[in-house]
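These notes concern the structure reproduced below.
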Amino acid sequence: MTDQPEKLVTLTDRDGGNANAEFPVLEGSIGPEVIDIRKLYGQTGRFTYDPGFTSTASCSSKITFIDGEEGVLLHRGYSIEDLATKSDFLEVAYLILFGELPTESERAKFVNGVTYHTMLHEQINNLFRGFRRDAHPMAVMVAVVGALSAFYHEDLDINDPHNRLIASYRLVAKVPTIAAWAYKYSVGQPFTYPRNDLSYAENFLHMMFAVPCEEYKVNPVLAKALDRIFILHADHEQNASTSTVRLVGSSGASPYAAISAGIASLWGPAHGGANEAVVSMLSEIGSTKNIPDSIARAKDKNDPFRLMGFGHRVYKNYDPRASVLRESAHEVLAELGKEDDPLLPIAMELEKIALEDEYFVERKLFPNVDFYSGIILKAMGIPTSMFTAIFALARTVGWIAQWNEMVEDPEQKIGRPRQLYTGPKKREFVPIDDRG
C-alpha cells in the first residue's frame, strides 16, 4: 500500500446505533481503493454480507494484478503477454516466487535447484499402487501431494525461511513427477523417472509419454506450447484455489497440506475443469455446419446447452491469455499435421462469432484461456482427465508464492469468515417422549 494521507469513509447508522463510524480507505499501487472494515464490528456491531467474497479483499499482495475491465494480467508488474512470449516457465516461476526477474546466475541456480529435486522418494511409489486403476489423476494428486508432509517432515516449521524455501523448491519440482505418474498408473505403464538434462516442460512430456522399449524424443514445438500453458496458468490472484491455500495455510498447516487443498479446490468443474468442457463441447457440436444451431441453443435461456470457453468471472474484456494461446494452437496443429483437425475450424468459427455477434459482444462473452488450452492439450495426445492436473502443476508455483507471502504478512490471522445466521432462535429442549 502506498503512503498517502489517510482517507476516511463514514457509515451513518439510521437506526439509532453508533452514528458516524469512520473507516480508512486504503490505496494500492494500482487498482481500486478498498475500505478497511477490520473494526466494523467493534464500531457498529455489524458484519458485512458478501457471498463468494466478490467485494472483499482478504489480503494485500504484491504478486499478481488483474484488471478485468481492460483485460490486463500482470505478474510482479510484468504483462502476461511479455512473459509468455519472451520468457520460459522457470524464469516466470522465479519472478513469481522472489519478486524480480533473475539474473543469469540466479536463473541457473534456480533451474539447477528445481531440476535436482524432481525425483520422488521411492516409497511414494507404493502410494500410487493403493489406488484403483481408474482413479482420476486429480484424486491421486490430492493424496500424494498431501502425503509429502509425511516424507519431508522437517519442512513443517513454517516459521523457518530456509525450510519454506526448501519446501518451495520441492513442490515446484515434484508436482510434475506426481502428475505424470498419476497418468502412467492409470494406463498401466511403468513410471518414467525424471531426467536432469531436460527442461521443465520437456521433462514432463518425457515422463508422460516415454516407455522403456524405445527412445522418446521430445518435440520442441510441443514443449514450447506446454511451457507457455504453464506460464499462462502460473497465478491468477485470489481465485478459489489460491484462497483455499491461504486459508488452510493461515492455520499453520504444512505447505504440502495447503497445496493439496488447493488442488482439491481446483478440481471443481467451476474452477479448473473448464478446458475439459471446451473439448467436450466442440466434439458435441461436431461440425461447423452445426454451429448456427448451437449458437441458437446457447442464446435460449430455457436450453441447458452452454458454450464453454467464453466469458470469465473476472475478465470483462478479451482474456489476455487467450490471444497468446491462439498462436500456439495453430503452431501445434501445424507441427503435428493436424491442421485439418475437425475441432479447430469449429473453434475458429465460434471465436469469430463471439467477437462479432451482438449477443456475445453485449454480454462480453469473449474467448478465454480454456478455449485454446483444451485444443492444444488434446492435439498433444494428453487425455482430458489430465487437463486439470496440468493446470494444478502450473498453478503450484503461484500457490507457493501466495502461501509464502501469507506466512510472512504480519497482518494475517487465521481465516475466520463470519456468517448471516438464518436458522431457528434459541429453543427449549423437548424430551423424546413429549415430541409430537
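Every chain in the C-alpha cells has a letter given in the order shown (A, B, ...), and although residue numbers restart at 1 in each chain, ligands are simply numbered from 1 in the order shown.
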
Once you count only C-alpha atoms, what closest atom pair and distance in Å to one decimal does each residue of stretch 65-123 of chain A within 12 Å of stretch 364-373 of chain A have, with rows by chain and rising residue number, as a Markdown table?
```
| residue | atom | partner | partner_atom | distance |
| --- | --- | --- | --- | --- |
| A:Gly68 | CA | A:Lys364 | CA | 11.0 |
| A:Glu69 | CA | A:Lys364 | CA | 9.9 |
| A:Glu70 | CA | A:Lys364 | CA | 11.6 |
| A:Gly71 | CA | A:Phe366 | CA | 10.5 |
```

Next, write the just-selected residues to a file, as a compact mmCIF listing (two decimals), in the first residue's frame, keeping C-alpha atoms as the atom set.
```
# COMPACT_ATOMS: atom_id res chain seq x y z
CA GLY A 68 -10.84 -7.46 -15.74
CA GLU A 69 -12.42 -4.49 -17.48
CA GLU A 70 -9.31 -3.79 -19.56
CA GLY A 71 -8.16 -7.39 -19.97
```

If we count only C-alpha atoms, what is near A:Arg46 at a cut-off of 12 Å, once residues fewer than 3 positions away on the same chain are taken out, given as number ranges by chain?
A: 11, 13, 17-18, 21, 37-43, 49, 418-420

Counting only C-alpha atoms, the residue of A:Ser60, A:Ala139, A:Thr85, A:Pro176 that sits nearest A:Thr115:
A:Pro176

DSSP-assigned helix (DSSP H, G or I) among stretch 351-415 of chain A, expressed as a CSV table (one decimal) with N, CA and C atoms, in the first residue's frame:
```
chain,number,residue,atom,x,y,z
A,351,GLU,N,-15.0,-18.5,-32.3
A,351,GLU,CA,-14.3,-17.3,-31.9
A,351,GLU,C,-14.8,-16.1,-32.7
A,352,LYS,N,-14.8,-16.3,-34.0
A,352,LYS,CA,-15.3,-15.2,-34.9
A,352,LYS,C,-16.7,-14.7,-34.5
A,353,ILE,N,-17.6,-15.6,-34.3
A,353,ILE,CA,-18.9,-15.2,-33.9
A,353,ILE,C,-18.9,-14.5,-32.6
A,354,ALA,N,-18.2,-15.0,-31.6
A,354,ALA,CA,-18.2,-14.4,-30.3
A,354,ALA,C,-17.7,-13.0,-30.3
A,355,LEU,N,-16.8,-12.7,-31.2
A,355,LEU,CA,-16.2,-11.3,-31.3
A,355,LEU,C,-17.0,-10.4,-32.1
A,356,GLU,N,-18.0,-10.9,-32.9
A,356,GLU,CA,-18.8,-10.1,-33.8
A,356,GLU,C,-20.3,-10.1,-33.5
A,358,GLU,N,-23.7,-9.6,-31.8
A,358,GLU,CA,-24.2,-8.6,-30.8
A,358,GLU,C,-24.5,-9.2,-29.5
A,359,TYR,N,-25.0,-10.4,-29.5
A,359,TYR,CA,-25.4,-11.1,-28.3
A,359,TYR,C,-24.2,-11.3,-27.4
A,360,PHE,N,-23.1,-11.8,-28.0
A,360,PHE,CA,-21.9,-12.1,-27.2
A,360,PHE,C,-21.1,-10.8,-26.8
A,361,VAL,N,-21.1,-9.9,-27.8
A,361,VAL,CA,-20.4,-8.6,-27.5
A,361,VAL,C,-21.0,-7.8,-26.4
A,362,GLU,N,-22.4,-7.8,-26.4
A,362,GLU,CA,-23.1,-7.0,-25.3
A,362,GLU,C,-22.8,-7.7,-23.9
A,363,ARG,N,-22.7,-9.0,-23.9
A,363,ARG,CA,-22.5,-9.7,-22.7
A,363,ARG,C,-21.0,-9.9,-22.4
A,369,VAL,N,-8.9,-18.4,-21.8
A,369,VAL,CA,-7.7,-19.2,-21.9
A,369,VAL,C,-8.1,-20.7,-22.1
A,370,ASP,N,-9.2,-21.1,-21.5
A,370,ASP,CA,-9.6,-22.5,-21.6
A,370,ASP,C,-10.0,-22.9,-23.0
A,371,PHE,N,-10.4,-21.9,-23.7
A,371,PHE,CA,-10.9,-22.2,-25.1
A,371,PHE,C,-9.8,-22.8,-25.9
A,372,TYR,N,-8.6,-22.3,-25.8
A,372,TYR,CA,-7.5,-22.8,-26.6
A,372,TYR,C,-6.6,-23.9,-26.0
A,373,SER,N,-6.5,-23.8,-24.6
A,373,SER,CA,-5.6,-24.8,-24.0
A,373,SER,C,-6.2,-26.2,-24.1
A,374,GLY,N,-7.5,-26.4,-24.2
A,374,GLY,CA,-8.1,-27.7,-24.4
A,374,GLY,C,-7.7,-28.2,-25.7
A,375,ILE,N,-7.8,-27.4,-26.8
A,375,ILE,CA,-7.4,-27.8,-28.1
A,375,ILE,C,-6.0,-28.3,-28.2
A,376,ILE,N,-5.1,-27.5,-27.6
A,376,ILE,CA,-3.7,-27.8,-27.6
A,376,ILE,C,-3.4,-29.1,-26.9
A,377,LEU,N,-3.9,-29.3,-25.7
A,377,LEU,CA,-3.6,-30.5,-25.0
A,377,LEU,C,-4.2,-31.7,-25.7
A,378,LYS,N,-5.3,-31.6,-26.2
A,378,LYS,CA,-5.9,-32.7,-27.0
A,378,LYS,C,-5.0,-33.1,-28.2
A,379,ALA,N,-4.5,-32.1,-28.9
A,379,ALA,CA,-3.7,-32.4,-30.0
A,379,ALA,C,-2.4,-33.1,-29.6
A,384,THR,N,-8.2,-35.9,-21.6
A,384,THR,CA,-8.9,-34.9,-20.9
A,384,THR,C,-8.8,-35.0,-19.4
A,385,SER,N,-8.7,-36.2,-18.9
A,385,SER,CA,-8.6,-36.4,-17.4
A,385,SER,C,-7.3,-35.8,-16.8
A,386,MET,N,-6.4,-35.5,-17.7
A,386,MET,CA,-5.1,-34.8,-17.3
A,386,MET,C,-5.1,-33.3,-17.4
A,387,PHE,N,-6.1,-32.8,-18.0
A,387,PHE,CA,-6.1,-31.3,-18.3
A,387,PHE,C,-6.0,-30.5,-17.0
A,388,THR,N,-6.9,-30.9,-16.0
A,388,THR,CA,-6.9,-30.2,-14.7
A,388,THR,C,-5.6,-30.4,-13.9
A,389,ALA,N,-5.1,-31.6,-14.1
A,389,ALA,CA,-3.8,-32.0,-13.4
A,389,ALA,C,-2.7,-31.1,-13.9
A,390,ILE,N,-2.7,-30.8,-15.2
A,390,ILE,CA,-1.7,-29.9,-15.8
A,390,ILE,C,-1.9,-28.5,-15.3
A,391,PHE,N,-3.1,-28.1,-15.2
A,391,PHE,CA,-3.5,-26.8,-14.6
A,391,PHE,C,-2.9,-26.7,-13.2
A,392,ALA,N,-3.1,-27.7,-12.4
A,392,ALA,CA,-2.6,-27.8,-11.0
A,392,ALA,C,-1.1,-27.7,-11.0
A,393,LEU,N,-0.4,-28.4,-11.9
A,393,LEU,CA,1.0,-28.4,-12.0
A,393,LEU,C,1.5,-27.0,-12.2
A,394,ALA,N,0.9,-26.3,-13.1
A,394,ALA,CA,1.3,-24.9,-13.4
A,394,ALA,C,1.0,-24.0,-12.2
A,395,ARG,N,-0.1,-24.1,-11.6
A,395,ARG,CA,-0.6,-23.2,-10.6
A,395,ARG,C,0.2,-23.4,-9.3
A,396,THR,N,0.9,-24.5,-9.1
A,396,THR,CA,1.6,-24.8,-7.9
A,396,THR,C,2.5,-23.6,-7.5
A,397,VAL,N,3.2,-23.1,-8.5
A,397,VAL,CA,4.2,-22.0,-8.2
A,397,VAL,C,3.5,-20.8,-7.6
A,398,GLY,N,2.3,-20.5,-8.2
A,398,GLY,CA,1.5,-19.3,-7.7
A,398,GLY,C,1.0,-19.6,-6.3
A,399,TRP,N,0.5,-20.8,-6.0
A,399,TRP,CA,0.1,-21.2,-4.7
A,399,TRP,C,1.2,-21.1,-3.7
A,400,ILE,N,2.4,-21.5,-4.0
A,400,ILE,CA,3.5,-21.4,-3.1
A,400,ILE,C,3.9,-20.0,-2.8
A,401,ALA,N,3.9,-19.2,-3.8
A,401,ALA,CA,4.2,-17.8,-3.6
A,401,ALA,C,3.2,-17.1,-2.7
A,402,GLN,N,1.9,-17.4,-3.0
A,402,GLN,CA,0.9,-16.8,-2.2
A,402,GLN,C,0.9,-17.3,-0.7
A,403,TRP,N,1.3,-18.6,-0.5
A,403,TRP,CA,1.4,-19.1,0.8
A,403,TRP,C,2.6,-18.5,1.5
A,404,ASN,N,3.7,-18.3,0.9
A,404,ASN,CA,4.9,-17.7,1.5
A,404,ASN,C,4.5,-16.3,1.9
A,405,GLU,N,3.9,-15.5,1.0
A,405,GLU,CA,3.5,-14.2,1.3
A,405,GLU,C,2.6,-14.1,2.5
A,406,MET,N,1.6,-15.0,2.6
A,406,MET,CA,0.7,-15.1,3.7
A,406,MET,C,1.4,-15.3,5.0
A,407,VAL,N,2.4,-16.3,5.0
A,407,VAL,CA,3.1,-16.6,6.2
A,407,VAL,C,3.9,-15.4,6.7
A,408,GLU,N,4.5,-14.6,5.8
A,408,GLU,CA,5.4,-13.5,6.1
A,408,GLU,C,4.6,-12.2,6.4
```

Find the nearest atom pair between each residue of stretch 15-69 of chain A and stretch 73-82 of chain A for residues within 9 Å, count only C-alpha atoms, give distances in Å to one decimal, sort rows by chain and ascending number, and present the table as a tab-separated table.
```
residue	atom	partner	partner_atom	distance
A:Lys62	CA	A:Arg76	CA	6.5
A:Ile63	CA	A:Arg76	CA	5.1
A:Thr64	CA	A:His75	CA	4.6
A:Phe65	CA	A:Leu74	CA	5.1
A:Ile66	CA	A:Leu73	CA	4.7
A:Asp67	CA	A:Leu73	CA	6.6
A:Gly68	CA	A:Leu73	CA	8.2
```

Emit the selected residues as an mmCIF file, in the first residue's frame, including C-alpha atoms.
```cif
data_model
loop_
_atom_site.group_PDB
_atom_site.id
_atom_site.type_symbol
_atom_site.label_atom_id
_atom_site.label_comp_id
_atom_site.auth_asym_id
_atom_site.auth_seq_id
_atom_site.Cartn_x
_atom_site.Cartn_y
_atom_site.Cartn_z
ATOM 1 C CA LYS A 62 2.420 -7.925 -4.408
ATOM 2 C CA ILE A 63 2.283 -10.934 -6.731
ATOM 3 C CA THR A 64 -0.469 -10.662 -9.354
ATOM 4 C CA PHE A 65 -2.792 -7.908 -10.548
ATOM 5 C CA ILE A 66 -5.836 -8.286 -12.799
ATOM 6 C CA ASP A 67 -7.879 -5.540 -14.422
ATOM 7 C CA GLY A 68 -10.838 -7.461 -15.741
#
```

Might you pull out every residue within 9 Å of A:Leu226, with only C-alpha atoms counted and same-chain residues fewer than 4 positions away left off, and present them as a PyMOL selection string?
chain A and resi 201-202+205+221-222+230-231+376-377

Any chance you can output those residues with N, CA, C and O atoms as a short mmCIF file (atom, residue, chain, number, x, y, z; two decimals), in the first residue's frame?
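Written out: out.cif:
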```
data_model
loop_
_atom_site.label_atom_id
_atom_site.label_comp_id
_atom_site.auth_asym_id
_atom_site.auth_seq_id
_atom_site.Cartn_x
_atom_site.Cartn_y
_atom_site.Cartn_z
N ALA A 201 9.32 -28.32 -19.11
CA ALA A 201 8.23 -28.83 -19.95
C ALA A 201 8.65 -30.11 -20.67
O ALA A 201 7.85 -31.05 -20.79
N GLU A 202 9.89 -30.16 -21.15
CA GLU A 202 10.38 -31.36 -21.81
C GLU A 202 10.34 -32.57 -20.88
O GLU A 202 9.96 -33.67 -21.27
N LEU A 205 6.76 -33.91 -20.51
CA LEU A 205 6.34 -34.68 -21.68
C LEU A 205 7.05 -36.04 -21.72
O LEU A 205 6.44 -37.06 -22.06
N VAL A 221 8.43 -28.04 -30.46
CA VAL A 221 7.25 -27.21 -30.66
C VAL A 221 6.21 -27.50 -29.57
O VAL A 221 5.60 -26.60 -29.01
N LEU A 222 6.04 -28.79 -29.27
CA LEU A 222 5.10 -29.16 -28.21
C LEU A 222 5.59 -28.70 -26.85
O LEU A 222 4.80 -28.25 -26.01
N PHE A 230 1.95 -23.48 -19.11
CA PHE A 230 2.36 -23.38 -17.71
C PHE A 230 2.44 -21.92 -17.28
O PHE A 230 1.96 -21.55 -16.19
N ILE A 231 3.06 -21.07 -18.10
CA ILE A 231 3.19 -19.65 -17.76
C ILE A 231 1.82 -19.01 -17.58
O ILE A 231 1.57 -18.28 -16.61
N ILE A 376 -5.09 -27.48 -27.59
CA ILE A 376 -3.65 -27.79 -27.64
C ILE A 376 -3.36 -29.10 -26.94
O ILE A 376 -2.65 -29.97 -27.47
N LEU A 377 -3.89 -29.27 -25.74
CA LEU A 377 -3.60 -30.48 -24.97
C LEU A 377 -4.16 -31.72 -25.65
O LEU A 377 -3.53 -32.79 -25.65
#
```

Residues near A:Val114, anyone? I mean within 12 Å using only C-alpha atoms, not counting same-chain ones fewer than 6 positions away, as a ChimeraX atom specification.
/A:89-91,93-94,107-108,165-177,194-196,198-200,203,397

Return as a tab-separated table the residues of stretch 50-163 of chain A lying at most 12 Å from stretch 267-270 of chain A, together with the closest atom-to-atom pair for each and the distance in Å to one decimal, counting only C-alpha atoms, with rows in chain order and ascending residue number.
```
residue	atom	partner	partner_atom	distance
A:His136	CA	A:Trp267	CA	10.1
A:Pro137	CA	A:Trp267	CA	10.0
A:Met138	CA	A:Trp267	CA	6.6
A:Ala139	CA	A:Trp267	CA	8.5
A:Val140	CA	A:Trp267	CA	11.4
A:Met141	CA	A:Trp267	CA	10.3
A:Val142	CA	A:Trp267	CA	9.4
```

Grab the residues selected above and save them as a PDB file, in the first residue's frame with N, CA, C and O atoms.
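Okay, again-v6.pdb is ready:
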```
ATOM      1  N   HIS A 136      -9.210 -40.897 -10.797  1.00  0.00           N
ATOM      2  CA  HIS A 136      -8.936 -39.660 -11.511  1.00  0.00           C
ATOM      3  C   HIS A 136      -7.578 -39.118 -11.070  1.00  0.00           C
ATOM      4  O   HIS A 136      -7.250 -39.128  -9.880  1.00  0.00           O
ATOM      5  N   PRO A 137      -6.757 -38.629 -12.022  1.00  0.00           N
ATOM      6  CA  PRO A 137      -5.436 -38.107 -11.658  1.00  0.00           C
ATOM      7  C   PRO A 137      -5.478 -37.025 -10.583  1.00  0.00           C
ATOM      8  O   PRO A 137      -4.549 -36.926  -9.765  1.00  0.00           O
ATOM      9  N   MET A 138      -6.530 -36.222 -10.557  1.00  0.00           N
ATOM     10  CA  MET A 138      -6.606 -35.183  -9.534  1.00  0.00           C
ATOM     11  C   MET A 138      -6.797 -35.776  -8.147  1.00  0.00           C
ATOM     12  O   MET A 138      -6.263 -35.261  -7.158  1.00  0.00           O
ATOM     13  N   ALA A 139      -7.550 -36.877  -8.058  1.00  0.00           N
ATOM     14  CA  ALA A 139      -7.708 -37.549  -6.764  1.00  0.00           C
ATOM     15  C   ALA A 139      -6.367 -38.077  -6.279  1.00  0.00           C
ATOM     16  O   ALA A 139      -6.028 -37.980  -5.077  1.00  0.00           O
ATOM     17  N   VAL A 140      -5.587 -38.631  -7.203  1.00  0.00           N
ATOM     18  CA  VAL A 140      -4.263 -39.142  -6.852  1.00  0.00           C
ATOM     19  C   VAL A 140      -3.349 -38.002  -6.420  1.00  0.00           C
ATOM     20  O   VAL A 140      -2.620 -38.102  -5.422  1.00  0.00           O
ATOM     21  N   MET A 141      -3.395 -36.885  -7.143  1.00  0.00           N
ATOM     22  CA  MET A 141      -2.531 -35.745  -6.808  1.00  0.00           C
ATOM     23  C   MET A 141      -2.863 -35.164  -5.441  1.00  0.00           C
ATOM     24  O   MET A 141      -1.962 -34.813  -4.670  1.00  0.00           O
ATOM     25  N   VAL A 142      -4.157 -35.055  -5.116  1.00  0.00           N
ATOM     26  CA  VAL A 142      -4.550 -34.545  -3.805  1.00  0.00           C
ATOM     27  C   VAL A 142      -3.916 -35.389  -2.701  1.00  0.00           C
ATOM     28  O   VAL A 142      -3.345 -34.867  -1.726  1.00  0.00           O
TER      29      VAL A 142
END
```

Gap from atom CA of A:Gly423 to atom CA of A:Pro51 - Å, one decimal
17.1 Å

Identify, with DSSP run on backbone atoms, the residues in stretch 25-246 of chain A assigned to strand (DSSP E or B), and express the list as a PyMOL selection string.
chain A and resi 25-26+34-35+64-67+72-75+78-79+211+214

Got time to write the residues from that selection, N, CA and C atoms, as a PDB file, in the first residue's frame?
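Final file, again_36.pdb:
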```pdb
ATOM      1  N   VAL A  25      -9.698   4.409   4.072  1.00  0.00           N
ATOM      2  CA  VAL A  25      -9.686   3.964   2.684  1.00  0.00           C
ATOM      3  C   VAL A  25      -8.225   3.715   2.298  1.00  0.00           C
ATOM      4  N   LEU A  26      -7.925   2.483   1.917  1.00  0.00           N
ATOM      5  CA  LEU A  26      -6.557   2.102   1.583  1.00  0.00           C
ATOM      6  C   LEU A  26      -6.367   2.115   0.074  1.00  0.00           C
ATOM      7  N   VAL A  34      -9.732   0.355  -1.411  1.00  0.00           N
ATOM      8  CA  VAL A  34     -10.518  -0.558  -0.583  1.00  0.00           C
ATOM      9  C   VAL A  34     -10.834   0.106   0.748  1.00  0.00           C
ATOM     10  N   ILE A  35     -11.972  -0.230   1.291  1.00  0.00           N
ATOM     11  CA  ILE A  35     -12.384   0.290   2.598  1.00  0.00           C
ATOM     12  C   ILE A  35     -11.940  -0.698   3.667  1.00  0.00           C
ATOM     13  N   THR A  64       0.282 -10.687  -8.093  1.00  0.00           N
ATOM     14  CA  THR A  64      -0.469 -10.662  -9.354  1.00  0.00           C
ATOM     15  C   THR A  64      -1.550  -9.592  -9.309  1.00  0.00           C
ATOM     16  N   PHE A  65      -1.735  -8.904 -10.439  1.00  0.00           N
ATOM     17  CA  PHE A  65      -2.792  -7.908 -10.548  1.00  0.00           C
ATOM     18  C   PHE A  65      -3.605  -8.173 -11.807  1.00  0.00           C
ATOM     19  N   ILE A  66      -4.919  -8.099 -11.673  1.00  0.00           N
ATOM     20  CA  ILE A  66      -5.836  -8.286 -12.799  1.00  0.00           C
ATOM     21  C   ILE A  66      -6.746  -7.064 -12.902  1.00  0.00           C
ATOM     22  N   ASP A  67      -6.860  -6.540 -14.111  1.00  0.00           N
ATOM     23  CA  ASP A  67      -7.879  -5.540 -14.422  1.00  0.00           C
ATOM     24  C   ASP A  67      -8.824  -6.199 -15.411  1.00  0.00           C
ATOM     25  N   VAL A  72      -6.283  -7.002 -18.469  1.00  0.00           N
ATOM     26  CA  VAL A  72      -4.875  -6.891 -18.084  1.00  0.00           C
ATOM     27  C   VAL A  72      -4.543  -7.921 -17.019  1.00  0.00           C
ATOM     28  N   LEU A  73      -3.413  -8.625 -17.190  1.00  0.00           N
ATOM     29  CA  LEU A  73      -2.889  -9.562 -16.193  1.00  0.00           C
ATOM     30  C   LEU A  73      -1.405  -9.288 -16.026  1.00  0.00           C
ATOM     31  N   LEU A  74      -1.002  -8.920 -14.820  1.00  0.00           N
ATOM     32  CA  LEU A  74       0.394  -8.615 -14.516  1.00  0.00           C
ATOM     33  C   LEU A  74       0.908  -9.539 -13.426  1.00  0.00           C
ATOM     34  N   HIS A  75       2.121 -10.052 -13.597  1.00  0.00           N
ATOM     35  CA  HIS A  75       2.836 -10.760 -12.536  1.00  0.00           C
ATOM     36  C   HIS A  75       4.011  -9.898 -12.108  1.00  0.00           C
ATOM     37  N   TYR A  78       4.848  -7.230 -14.592  1.00  0.00           N
ATOM     38  CA  TYR A  78       5.132  -7.587 -15.980  1.00  0.00           C
ATOM     39  C   TYR A  78       3.877  -8.162 -16.635  1.00  0.00           C
ATOM     40  N   SER A  79       3.599  -7.732 -17.879  1.00  0.00           N
ATOM     41  CA  SER A  79       2.392  -8.197 -18.557  1.00  0.00           C
ATOM     42  C   SER A  79       2.522  -9.670 -18.910  1.00  0.00           C
ATOM     43  N   VAL A 211       8.407 -44.690 -22.863  1.00  0.00           N
ATOM     44  CA  VAL A 211       8.266 -46.077 -22.402  1.00  0.00           C
ATOM     45  C   VAL A 211       9.635 -46.755 -22.505  1.00  0.00           C
ATOM     46  N   GLU A 214      11.491 -48.078 -26.109  1.00  0.00           N
ATOM     47  CA  GLU A 214      12.005 -47.277 -27.208  1.00  0.00           C
ATOM     48  C   GLU A 214      12.356 -45.878 -26.726  1.00  0.00           C
TER      49      GLU A 214
END
```

Close residues, A:His330 itself excluded, 12 Å, only C-alpha atoms, min 2 positions apart in chain, as a VMD selection string:
chain A and resid 221 to 222 225 323 to 328 332 to 341 343 to 345 347 to 348 372 to 373 375 to 376 379
